[in-house]
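Okay, start-v3.pdb is below, PDB, C-alpha atoms, pLDDT in the B column:
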MODEL        1
ATOM      1  CA  MET A   1      51.691-106.093 -69.938  1.00 66.00           C
ATOM      2  CA  LEU A   2      51.089-102.480 -70.965  1.00 63.00           C
ATOM      3  CA  ARG A   3      48.743-102.037 -68.019  1.00 67.00           C
ATOM      4  CA  GLN A   4      51.459-103.219 -65.604  1.00 66.00           C
ATOM      5  CA  ILE A   5      54.008-100.843 -67.115  1.00 68.00           C
ATOM      6  CA  LEU A   6      51.580 -97.932 -66.799  1.00 66.00           C
ATOM      7  CA  ALA A   7      50.876 -98.906 -63.198  1.00 63.00           C
ATOM      8  CA  LEU A   8      54.588 -99.011 -62.362  1.00 66.00           C
ATOM      9  CA  ALA A   9      55.153 -95.690 -64.145  1.00 65.00           C
ATOM     10  CA  SER A  10      52.253 -94.154 -62.224  1.00 70.00           C
ATOM     11  CA  ILE A  11      53.661 -95.409 -58.912  1.00 71.00           C
ATOM     12  CA  PHE A  12      57.123 -94.067 -59.817  1.00 63.00           C
ATOM     13  CA  VAL A  13      55.746 -90.631 -60.766  1.00 62.00           C
ATOM     14  CA  CYS A  14      53.574 -90.382 -57.650  1.00 68.00           C
ATOM     15  CA  THR A  15      56.441 -91.476 -55.412  1.00 73.00           C
ATOM     16  CA  SER A  16      58.806 -88.954 -57.048  1.00 68.00           C
ATOM     17  CA  ILE A  17      56.278 -86.163 -56.559  1.00 69.00           C
ATOM     18  CA  ALA A  18      55.796 -87.177 -52.912  1.00 63.00           C
ATOM     19  CA  TRP A  19      59.565 -87.125 -52.286  1.00 65.00           C
ATOM     20  CA  MET A  20      59.876 -83.747 -54.003  1.00 65.00           C
ATOM     21  CA  ILE A  21      57.107 -82.305 -51.825  1.00 63.00           C
ATOM     22  CA  LEU A  22      58.715 -83.776 -48.690  1.00 54.00           C
ATOM     23  CA  GLY A  23      62.152 -82.427 -49.664  1.00 58.00           C
ATOM     24  CA  ALA A  24      60.768 -78.979 -50.425  1.00 57.00           C
ATOM     25  CA  THR A  25      58.913 -78.930 -47.095  1.00 56.00           C
ATOM     26  CA  ILE A  26      62.008 -79.909 -45.116  1.00 53.00           C
ATOM     27  CA  PHE A  27      64.122 -77.347 -47.016  1.00 53.00           C
ATOM     28  CA  SER A  28      61.566 -74.605 -46.461  1.00 54.00           C
ATOM     29  CA  ARG A  29      61.162 -75.318 -42.771  1.00 53.00           C
ATOM     30  CA  THR A  30      64.902 -75.633 -42.191  1.00 53.00           C
ATOM     31  CA  TYR A  31      66.015 -72.459 -43.944  1.00 53.00           C
ATOM     32  CA  GLY A  32      62.849 -70.604 -43.056  1.00 49.00           C
ATOM     33  CA  SER A  33      63.829 -70.968 -39.406  1.00 57.00           C
ATOM     34  CA  ASN A  34      67.487 -70.055 -40.089  1.00 57.00           C
ATOM     35  CA  GLU A  35      67.155 -66.577 -38.613  1.00 62.00           C
ATOM     36  CA  GLN A  36      65.579 -67.915 -35.438  1.00 68.00           C
ATOM     37  CA  LEU A  37      68.146 -70.705 -35.101  1.00 69.00           C
ATOM     38  CA  GLN A  38      71.000 -68.268 -35.743  1.00 69.00           C
ATOM     39  CA  GLY A  39      69.594 -66.047 -33.004  1.00 71.00           C
ATOM     40  CA  HIS A  40      69.673 -68.967 -30.580  1.00 76.00           C
ATOM     41  CA  VAL A  41      73.298 -69.723 -31.508  1.00 77.00           C
ATOM     42  CA  ALA A  42      74.254 -66.051 -31.085  1.00 78.00           C
ATOM     43  CA  SER A  43      72.576 -65.838 -27.678  1.00 75.00           C
ATOM     44  CA  THR A  44      74.437 -68.872 -26.338  1.00 81.00           C
ATOM     45  CA  TRP A  45      77.758 -68.589 -28.164  1.00 86.00           C
ATOM     46  CA  GLY A  46      78.212 -65.010 -29.386  1.00 85.00           C
ATOM     47  CA  THR A  47      77.722 -62.743 -32.402  1.00 89.00           C
ATOM     48  CA  SER A  48      80.098 -61.474 -35.086  1.00 90.00           C
ATOM     49  CA  GLN A  49      82.861 -59.294 -33.657  1.00 92.00           C
ATOM     50  CA  GLN A  50      84.487 -56.054 -34.763  1.00 92.00           C
ATOM     51  CA  GLN A  51      87.448 -54.895 -32.704  1.00 93.00           C
ATOM     52  CA  SER A  52      88.645 -51.293 -32.772  1.00 92.00           C
ATOM     53  CA  PRO A  53      91.955 -49.937 -31.418  1.00 93.00           C
ATOM     54  CA  PRO A  54      92.077 -48.625 -27.852  1.00 95.00           C
ATOM     55  CA  THR A  55      92.149 -44.932 -27.081  1.00 94.00           C
ATOM     56  CA  ALA A  56      94.398 -42.985 -24.730  1.00 95.00           C
ATOM     57  CA  ALA A  57      93.213 -39.607 -23.495  1.00 95.00           C
ATOM     58  CA  TYR A  58      93.660 -37.073 -20.723  1.00 93.00           C
ATOM     59  CA  PHE A  59      91.403 -34.277 -19.538  1.00 89.00           C
ATOM     60  CA  LEU A  60      92.429 -30.655 -19.857  1.00 83.00           C
ATOM     61  CA  ASN A  61      90.765 -27.933 -17.808  1.00 72.00           C
ATOM     62  CA  GLU A  62      90.373 -24.689 -19.728  1.00 65.00           C
ATOM     63  CA  VAL A  63      88.813 -21.395 -18.686  1.00 63.00           C
ATOM     64  CA  GLU A  64      86.426 -19.912 -21.214  1.00 66.00           C
ATOM     65  CA  ASN A  65      84.990 -16.417 -21.027  1.00 67.00           C
ATOM     66  CA  SER A  66      81.610 -15.265 -22.240  1.00 68.00           C
ATOM     67  CA  THR A  67      80.033 -11.836 -22.135  1.00 70.00           C
ATOM     68  CA  THR A  68      76.505 -10.710 -21.483  1.00 71.00           C
ATOM     69  CA  VAL A  69      74.851  -7.321 -21.237  1.00 69.00           C
ATOM     70  CA  GLU A  70      73.241  -6.665 -17.857  1.00 70.00           C
ATOM     71  CA  ASN A  71      71.742  -3.305 -16.925  1.00 69.00           C
ATOM     72  CA  ALA A  72      73.448  -1.721 -19.929  1.00 68.00           C
ATOM     73  CA  LYS A  73      76.812  -3.037 -18.781  1.00 71.00           C
ATOM     74  CA  VAL A  74      78.997  -5.721 -20.332  1.00 65.00           C
ATOM     75  CA  VAL A  75      79.592  -8.508 -17.826  1.00 64.00           C
ATOM     76  CA  VAL A  76      82.298 -11.136 -18.340  1.00 64.00           C
ATOM     77  CA  HIS A  77      81.541 -14.631 -17.069  1.00 64.00           C
ATOM     78  CA  SER A  78      84.264 -17.260 -16.650  1.00 67.00           C
ATOM     79  CA  HIS A  79      83.660 -20.992 -16.455  1.00 66.00           C
ATOM     80  CA  THR A  80      85.858 -24.071 -16.554  1.00 71.00           C
ATOM     81  CA  VAL A  81      85.537 -26.499 -19.454  1.00 71.00           C
ATOM     82  CA  HIS A  82      86.800 -30.085 -19.238  1.00 75.00           C
ATOM     83  CA  ARG A  83      88.208 -31.052 -22.626  1.00 84.00           C
ATOM     84  CA  GLN A  84      89.319 -34.546 -23.556  1.00 88.00           C
ATOM     85  CA  VAL A  85      92.560 -34.760 -25.534  1.00 90.00           C
ATOM     86  CA  PHE A  86      93.406 -37.984 -27.370  1.00 92.00           C
ATOM     87  CA  LEU A  87      96.923 -39.269 -27.977  1.00 92.00           C
ATOM     88  CA  PRO A  88      97.613 -40.802 -31.400  1.00 88.00           C
ATOM     89  CA  VAL A  89      98.561 -44.460 -31.767  1.00 91.00           C
ATOM     90  CA  GLU A  90     102.217 -44.545 -32.820  1.00 92.00           C
ATOM     91  CA  ALA A  91     102.520 -48.325 -33.269  1.00 94.00           C
ATOM     92  CA  SER A  92     100.254 -51.396 -33.239  1.00 94.00           C
ATOM     93  CA  ARG A  93     101.260 -55.042 -32.909  1.00 94.00           C
ATOM     94  CA  ILE A  94      98.201 -57.276 -33.005  1.00 94.00           C
ATOM     95  CA  ARG A  95      97.995 -61.064 -32.747  1.00 94.00           C
ATOM     96  CA  VAL A  96      94.754 -62.930 -33.341  1.00 93.00           C
ATOM     97  CA  ASN A  97      94.471 -66.719 -33.026  1.00 92.00           C
ATOM     98  CA  PHE A  98      91.275 -68.431 -34.172  1.00 89.00           C
ATOM     99  CA  HIS A  99      89.972 -71.857 -33.253  1.00 89.00           C
ATOM    100  CA  LEU A 100      87.132 -73.183 -35.375  1.00 86.00           C
ATOM    101  CA  THR A 101      84.325 -74.777 -33.370  1.00 83.00           C
ATOM    102  CA  PRO A 102      81.316 -75.201 -35.727  1.00 85.00           C
ATOM    103  CA  ARG A 103      78.023 -75.737 -33.927  1.00 81.00           C
ATOM    104  CA  GLN A 104      74.879 -77.454 -35.178  1.00 79.00           C
ATOM    105  CA  LYS A 105      71.396 -76.146 -34.534  1.00 76.00           C
ATOM    106  CA  GLY A 106      68.563 -78.169 -35.996  1.00 69.00           C
ATOM    107  CA  LEU A 107      69.766 -79.393 -39.386  1.00 72.00           C
ATOM    108  CA  LEU A 108      72.095 -76.432 -39.970  1.00 79.00           C
ATOM    109  CA  TRP A 109      75.739 -75.883 -39.091  1.00 83.00           C
ATOM    110  CA  TYR A 110      76.964 -72.445 -38.042  1.00 84.00           C
ATOM    111  CA  SER A 111      80.477 -70.982 -38.335  1.00 85.00           C
ATOM    112  CA  THR A 112      81.344 -70.351 -34.711  1.00 89.00           C
ATOM    113  CA  TYR A 113      84.852 -69.715 -33.456  1.00 91.00           C
ATOM    114  CA  ALA A 114      86.935 -68.995 -30.389  1.00 92.00           C
ATOM    115  CA  VAL A 115      89.470 -66.175 -30.579  1.00 93.00           C
ATOM    116  CA  ASP A 116      92.563 -65.261 -28.564  1.00 94.00           C
ATOM    117  CA  PHE A 117      93.282 -61.551 -28.947  1.00 96.00           C
ATOM    118  CA  GLY A 118      96.503 -59.945 -27.830  1.00 96.00           C
ATOM    119  CA  ALA A 119      97.885 -56.567 -28.852  1.00 96.00           C
ATOM    120  CA  ASP A 120     100.575 -54.047 -27.947  1.00 97.00           C
ATOM    121  CA  TYR A 121     100.128 -50.354 -28.688  1.00 97.00           C
ATOM    122  CA  THR A 122     102.454 -47.393 -28.271  1.00 96.00           C
ATOM    123  CA  PHE A 123     101.249 -43.937 -27.231  1.00 96.00           C
ATOM    124  CA  ARG A 124     103.339 -40.843 -26.479  1.00 93.00           C
ATOM    125  CA  ASN A 125     102.686 -38.038 -24.033  1.00 93.00           C
ATOM    126  CA  ASN A 126     103.757 -35.177 -26.287  1.00 89.00           C
ATOM    127  CA  THR A 127     102.996 -32.515 -23.695  1.00 90.00           C
ATOM    128  CA  ALA A 128     105.355 -30.790 -21.256  1.00 90.00           C
ATOM    129  CA  GLU A 129     103.455 -32.076 -18.215  1.00 90.00           C
ATOM    130  CA  THR A 130     102.829 -35.413 -16.554  1.00 93.00           C
ATOM    131  CA  GLN A 131      99.398 -36.646 -17.573  1.00 92.00           C
ATOM    132  CA  ARG A 132      96.939 -39.054 -16.012  1.00 94.00           C
ATOM    133  CA  ILE A 133      95.921 -41.096 -19.052  1.00 95.00           C
ATOM    134  CA  ASP A 134      92.669 -43.029 -19.447  1.00 95.00           C
ATOM    135  CA  PHE A 135      93.219 -46.099 -21.609  1.00 97.00           C
ATOM    136  CA  ARG A 136      89.920 -47.419 -22.996  1.00 96.00           C
ATOM    137  CA  LEU A 137      89.374 -50.635 -24.918  1.00 96.00           C
ATOM    138  CA  ARG A 138      85.987 -51.100 -26.563  1.00 94.00           C
ATOM    139  CA  PHE A 139      84.742 -54.668 -26.734  1.00 95.00           C
ATOM    140  CA  PRO A 140      84.154 -56.088 -30.241  1.00 94.00           C
ATOM    141  CA  ALA A 141      80.625 -57.173 -29.312  1.00 92.00           C
ATOM    142  CA  GLN A 142      78.206 -56.595 -26.459  1.00 84.00           C
ATOM    143  CA  LYS A 143      76.872 -59.433 -24.303  1.00 79.00           C
ATOM    144  CA  ALA A 144      79.884 -61.615 -25.065  1.00 86.00           C
ATOM    145  CA  ILE A 145      82.291 -63.540 -22.874  1.00 89.00           C
ATOM    146  CA  TYR A 146      85.767 -62.077 -22.289  1.00 93.00           C
ATOM    147  CA  ASP A 147      87.963 -64.428 -20.299  1.00 93.00           C
ATOM    148  CA  GLY A 148      91.444 -63.504 -19.166  1.00 93.00           C
ATOM    149  CA  LEU A 149      90.844 -59.789 -19.763  1.00 95.00           C
ATOM    150  CA  GLN A 150      94.113 -58.007 -19.105  1.00 94.00           C
ATOM    151  CA  MET A 151      95.552 -54.538 -19.481  1.00 96.00           C
ATOM    152  CA  LYS A 152      99.128 -53.513 -18.754  1.00 96.00           C
ATOM    153  CA  VAL A 153     100.880 -50.165 -19.132  1.00 95.00           C
ATOM    154  CA  ASN A 154     104.665 -50.369 -19.346  1.00 95.00           C
ATOM    155  CA  ASP A 155     104.452 -53.973 -18.047  1.00 93.00           C
ATOM    156  CA  GLN A 156     102.454 -52.881 -14.994  1.00 94.00           C
ATOM    157  CA  VAL A 157      98.965 -54.327 -14.467  1.00 94.00           C
ATOM    158  CA  VAL A 158      96.360 -51.583 -14.076  1.00 93.00           C
ATOM    159  CA  ALA A 159      93.028 -51.763 -12.293  1.00 93.00           C
ATOM    160  CA  LEU A 160      90.086 -51.940 -14.680  1.00 94.00           C
ATOM    161  CA  ILE A 161      86.586 -50.510 -14.667  1.00 93.00           C
ATOM    162  CA  THR A 162      84.495 -52.664 -16.993  1.00 91.00           C
ATOM    163  CA  ASP A 163      80.986 -52.428 -18.394  1.00 88.00           C
ATOM    164  CA  ASP A 164      79.191 -54.121 -21.312  1.00 83.00           C
ATOM    165  CA  LYS A 165      80.816 -51.728 -23.819  1.00 89.00           C
ATOM    166  CA  GLY A 166      84.446 -51.967 -22.774  1.00 93.00           C
ATOM    167  CA  THR A 167      87.040 -51.494 -20.073  1.00 95.00           C
ATOM    168  CA  VAL A 168      89.085 -48.525 -18.817  1.00 96.00           C
ATOM    169  CA  GLY A 169      92.387 -48.373 -16.956  1.00 95.00           C
ATOM    170  CA  GLN A 170      94.460 -45.398 -15.794  1.00 94.00           C
ATOM    171  CA  ALA A 171      98.193 -44.754 -15.646  1.00 94.00           C
ATOM    172  CA  THR A 172     100.502 -41.769 -15.252  1.00 94.00           C
ATOM    173  CA  VAL A 173     102.811 -40.938 -18.148  1.00 93.00           C
ATOM    174  CA  ALA A 174     105.714 -38.506 -17.783  1.00 93.00           C
ATOM    175  CA  PRO A 175     106.154 -35.619 -20.263  1.00 93.00           C
ATOM    176  CA  GLY A 176     107.622 -36.717 -23.574  1.00 90.00           C
ATOM    177  CA  GLN A 177     107.560 -40.378 -22.570  1.00 93.00           C
ATOM    178  CA  THR A 178     105.893 -43.303 -24.331  1.00 93.00           C
ATOM    179  CA  ALA A 179     103.331 -45.659 -22.853  1.00 94.00           C
ATOM    180  CA  SER A 180     103.324 -49.283 -24.012  1.00 96.00           C
ATOM    181  CA  LEU A 181      99.795 -50.617 -23.666  1.00 97.00           C
ATOM    182  CA  HIS A 182      99.214 -54.378 -23.678  1.00 97.00           C
ATOM    183  CA  VAL A 183      95.675 -55.771 -23.878  1.00 97.00           C
ATOM    184  CA  ALA A 184      94.508 -59.379 -24.148  1.00 96.00           C
ATOM    185  CA  TYR A 185      91.362 -61.475 -23.835  1.00 96.00           C
ATOM    186  CA  ARG A 186      89.732 -64.719 -24.982  1.00 95.00           C
ATOM    187  CA  SER A 187      86.293 -64.618 -26.547  1.00 95.00           C
ATOM    188  CA  GLN A 188      84.032 -66.362 -29.043  1.00 92.00           C
ATOM    189  CA  GLY A 189      81.868 -65.275 -31.967  1.00 92.00           C
ATOM    190  CA  LEU A 190      79.862 -66.182 -35.046  1.00 90.00           C
ATOM    191  CA  ASP A 191      80.603 -65.907 -38.794  1.00 87.00           C
ATOM    192  CA  SER A 192      83.220 -63.130 -38.866  1.00 88.00           C
ATOM    193  CA  TRP A 193      85.839 -61.188 -36.910  1.00 90.00           C
ATOM    194  CA  ARG A 194      86.978 -57.746 -38.080  1.00 90.00           C
ATOM    195  CA  TYR A 195      89.487 -55.140 -37.013  1.00 90.00           C
ATOM    196  CA  ASP A 196      88.234 -51.605 -37.660  1.00 88.00           C
ATOM    197  CA  LEU A 197      90.706 -48.738 -37.592  1.00 84.00           C
ATOM    198  CA  GLY A 198      87.895 -46.236 -37.035  1.00 73.00           C
ATOM    199  CA  ASP A 199      85.835 -43.762 -39.004  1.00 69.00           C
ATOM    200  CA  GLY A 200      87.796 -41.423 -41.217  1.00 63.00           C
ATOM    201  CA  VAL A 201      91.095 -43.286 -40.776  1.00 60.00           C
ATOM    202  CA  ALA A 202      92.866 -43.648 -44.120  1.00 56.00           C
ATOM    203  CA  GLN A 203      96.321 -44.662 -42.906  1.00 67.00           C
ATOM    204  CA  ALA A 204      97.680 -46.548 -39.899  1.00 75.00           C
ATOM    205  CA  ARG A 205     101.178 -45.803 -38.595  1.00 82.00           C
ATOM    206  CA  ASP A 206     103.523 -48.749 -37.918  1.00 88.00           C
ATOM    207  CA  PHE A 207     100.673 -51.286 -38.029  1.00 90.00           C
ATOM    208  CA  MET A 208     100.997 -55.077 -37.963  1.00 90.00           C
ATOM    209  CA  LEU A 209      98.189 -57.633 -37.714  1.00 88.00           C
ATOM    210  CA  GLN A 210      99.146 -61.296 -37.492  1.00 85.00           C
ATOM    211  CA  GLY A 211      96.528 -64.030 -37.862  1.00 78.00           C
ATOM    212  CA  SER A 212      96.615 -67.579 -36.588  1.00 68.00           C
ATOM    213  CA  GLU A 213      99.147 -69.854 -38.272  1.00 48.00           C
ATOM    214  CA  SER A 214      97.238 -72.964 -37.201  1.00 48.00           C
ATOM    215  CA  GLN A 215      94.211 -71.923 -39.290  1.00 46.00           C
ATOM    216  CA  PRO A 216      95.517 -70.909 -42.758  1.00 40.00           C
ATOM    217  CA  HIS A 217      92.080 -69.836 -43.992  1.00 44.00           C
ATOM    218  CA  TYR A 218      91.969 -67.146 -41.312  1.00 41.00           C
ATOM    219  CA  GLN A 219      94.028 -64.410 -42.886  1.00 40.00           C
ATOM    220  CA  ALA A 220      94.564 -60.712 -42.252  1.00 38.00           C
ATOM    221  CA  GLN A 221      93.446 -58.745 -45.263  1.00 38.00           C
ATOM    222  CA  VAL A 222      92.333 -55.258 -46.176  1.00 32.00           C
ATOM    223  CA  THR A 223      88.645 -54.928 -46.970  1.00 38.00           C
ATOM    224  CA  HIS A 224      87.080 -52.812 -49.701  1.00 34.00           C
ATOM    225  CA  HIS A 225      86.708 -49.832 -47.362  1.00 40.00           C
ATOM    226  CA  ALA A 226      90.505 -49.607 -46.986  1.00 40.00           C
ATOM    227  CA  ASN A 227      90.237 -48.864 -43.282  1.00 44.00           C
ATOM    228  CA  GLN A 228      89.294 -52.281 -41.964  1.00 44.00           C
ATOM    229  CA  PHE A 229      91.261 -55.451 -41.512  1.00 44.00           C
ATOM    230  CA  SER A 230      89.306 -58.694 -41.458  1.00 44.00           C
ATOM    231  CA  GLY A 231      89.740 -62.297 -40.484  1.00 44.00           C
ATOM    232  CA  HIS A 232      87.751 -64.687 -42.650  1.00 43.00           C
TER     233      HIS A 232
ENDMDL
END
Could you write out this structure as structure tokens?
Amino acid sequence: MLRQILALASIFVCTSIAWMILGATIFSRTYGSNEQLQGHVASTWGTSQQQSPPTAAYFLNEVENSTTVENAKVVVHSHTVHRQVFLPVEASRIRVNFHLTPRQKGLLWYSTYAVDFGADYTFRNNTAETQRIDFRLRFPAQKAIYDGLQMKVNDQVVALITDDKGTVGQATVAPGQTASLHVAYRSQGLDSWRYDLGDGVAQARDFMLQGSESQPHYQAQVTHHANQFSGH
């Protein structure tokens, strides 16, 4: 009887050890390949995204003088410098709608999402001359899909020049007048979506960021750096 109990105990211990080794092997292989699997998901679906506000700028031609000494004489040289002048953002109205679409790769699930981004910004031409303004929107991630990309200035669709970093449209703004810029796109990403006000920005004027109401756990909130707004 004792011999049978010892045999059963031995079988139980050996089986438990075997299952522990198998479980540890599966765990190690699964999470050891997490980085590679995440890379595959990012390449097919998209990476984390960080959107920054658009810029509005015009070019100013200025004449600068420099002097040199030639043959014991002072010679003045004049040359034209093209300087870019940025207009401040006077108001921001941003709407971000998220749609959770988790994807499985191997034995792991990844937090992937689709996002509808739409925003309205106000800029003012505070000069005494009509300016040809370049409106530039940087994409939140490179090598991502941007469907329905749209840019309007004062409700007028503008032609866009787009590359992998962003898109640019031009419009003429009269002196002292405001330009209402509307931008929108649909995209998709992985893990997180952030709105970055930019380096050195401590305060945003007339700023509103509204997250999706259909996904309560996606909320607009201020991060620790106090100049970023995130959707988690």
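Excluding Ser180 (chain A) itself and same-chain residues fewer than 3 positions from it, the residues having an atom within 12 Å of it are Pro54, Ala56, Val89, Glu90, Ala91, Ser92, Arg93, Ala119, Asp120, Tyr121, Thr122, Phe123, Arg124, Asn125, Phe135, Met151, Lys152, Val153, Asn154, Asp155, Gln156, Val157, Ala171, Thr172, Val173, Gln177 and Val183 of chain A, counting only C-alpha atoms.
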Residues of the last selection are to be written out with C-alpha atoms, as a short mmCIF file (atom, residue, chain, number, x, y, z; two decimals), keeping the file's coordinate frame.
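See result_9.cif below for the written result:
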data_model
loop_
_atom_site.label_atom_id
_atom_site.label_comp_id
_atom_site.auth_asym_id
_atom_site.auth_seq_id
_atom_site.Cartn_x
_atom_site.Cartn_y
_atom_site.Cartn_z
CA PRO A 54 92.08 -48.62 -27.85
CA ALA A 56 94.40 -42.98 -24.73
CA VAL A 89 98.56 -44.46 -31.77
CA GLU A 90 102.22 -44.54 -32.82
CA ALA A 91 102.52 -48.32 -33.27
CA SER A 92 100.25 -51.40 -33.24
CA ARG A 93 101.26 -55.04 -32.91
CA ALA A 119 97.88 -56.57 -28.85
CA ASP A 120 100.58 -54.05 -27.95
CA TYR A 121 100.13 -50.35 -28.69
CA THR A 122 102.45 -47.39 -28.27
CA PHE A 123 101.25 -43.94 -27.23
CA ARG A 124 103.34 -40.84 -26.48
CA ASN A 125 102.69 -38.04 -24.03
CA PHE A 135 93.22 -46.10 -21.61
CA MET A 151 95.55 -54.54 -19.48
CA LYS A 152 99.13 -53.51 -18.75
CA VAL A 153 100.88 -50.16 -19.13
CA ASN A 154 104.66 -50.37 -19.35
CA ASP A 155 104.45 -53.97 -18.05
CA GLN A 156 102.45 -52.88 -14.99
CA VAL A 157 98.96 -54.33 -14.47
CA ALA A 171 98.19 -44.75 -15.65
CA THR A 172 100.50 -41.77 -15.25
CA VAL A 173 102.81 -40.94 -18.15
CA GLN A 177 107.56 -40.38 -22.57
CA VAL A 183 95.68 -55.77 -23.88
#
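The coordinates place CA of Phe98 (chain A) at 13.9 Å from CA of Ala184 (chain A).
Reported to one decimal place, the separation of CA of His40 (chain A) from CA of Gln104 (chain A) is 11.0 Å.
Here the PyMOL selection byres ((chain A and resi 137-144) around 6) captures the residues Gly46, Gln49, Gln50, Gln51, Pro54, Arg136, Ile145, Asp164, Lys165, Gly166 and Thr167 of chain A.
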Output check: residues returned by the PyMOL selection byres ((chain A and resi 103) around 12), as number ranges by chain: A: 37-38, 40-42, 44-46, 100-102, 104-114, 189-191
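Separating CA of Tyr58 (chain A) from CA of Leu160 (chain A) is a distance of 16.4 Å.
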For a quick check of your reading of the model, name the residues lying within 6 Å of the coordinate (97.5, -58.8, -31.7), counting all atoms listed in the file, and write them as a short mmCIF file (atom, residue, chain, number, x, y, z; two decimals) with C-alpha atoms, in the frame of the given file.
data_model
loop_
_atom_site.label_atom_id
_atom_site.label_comp_id
_atom_site.auth_asym_id
_atom_site.auth_seq_id
_atom_site.Cartn_x
_atom_site.Cartn_y
_atom_site.Cartn_z
CA ARG A 93 101.26 -55.04 -32.91
CA ILE A 94 98.20 -57.28 -33.01
CA ARG A 95 98.00 -61.06 -32.75
CA VAL A 96 94.75 -62.93 -33.34
CA PHE A 117 93.28 -61.55 -28.95
CA GLY A 118 96.50 -59.94 -27.83
CA ALA A 119 97.88 -56.57 -28.85
#
Explicit residue set for the PyMOL selection byres ((chain A and resi 149) around 7), as an MDAnalysis selection string: chainID A and resid 146:148 150 184:185
Selected residue of minimal separation from His99 (chain A) among A:Arg186, A:Ile11, A:Ile161, A:Gln210, counting only C-alpha atoms: A:Arg186
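Minimum atom-to-atom distances from A:Gln131, A:Thr15, A:Ser48, A:Ser43 to Gln84 (chain A) were compared using only C-alpha atoms, and the lowest value belongs to A:Gln131.
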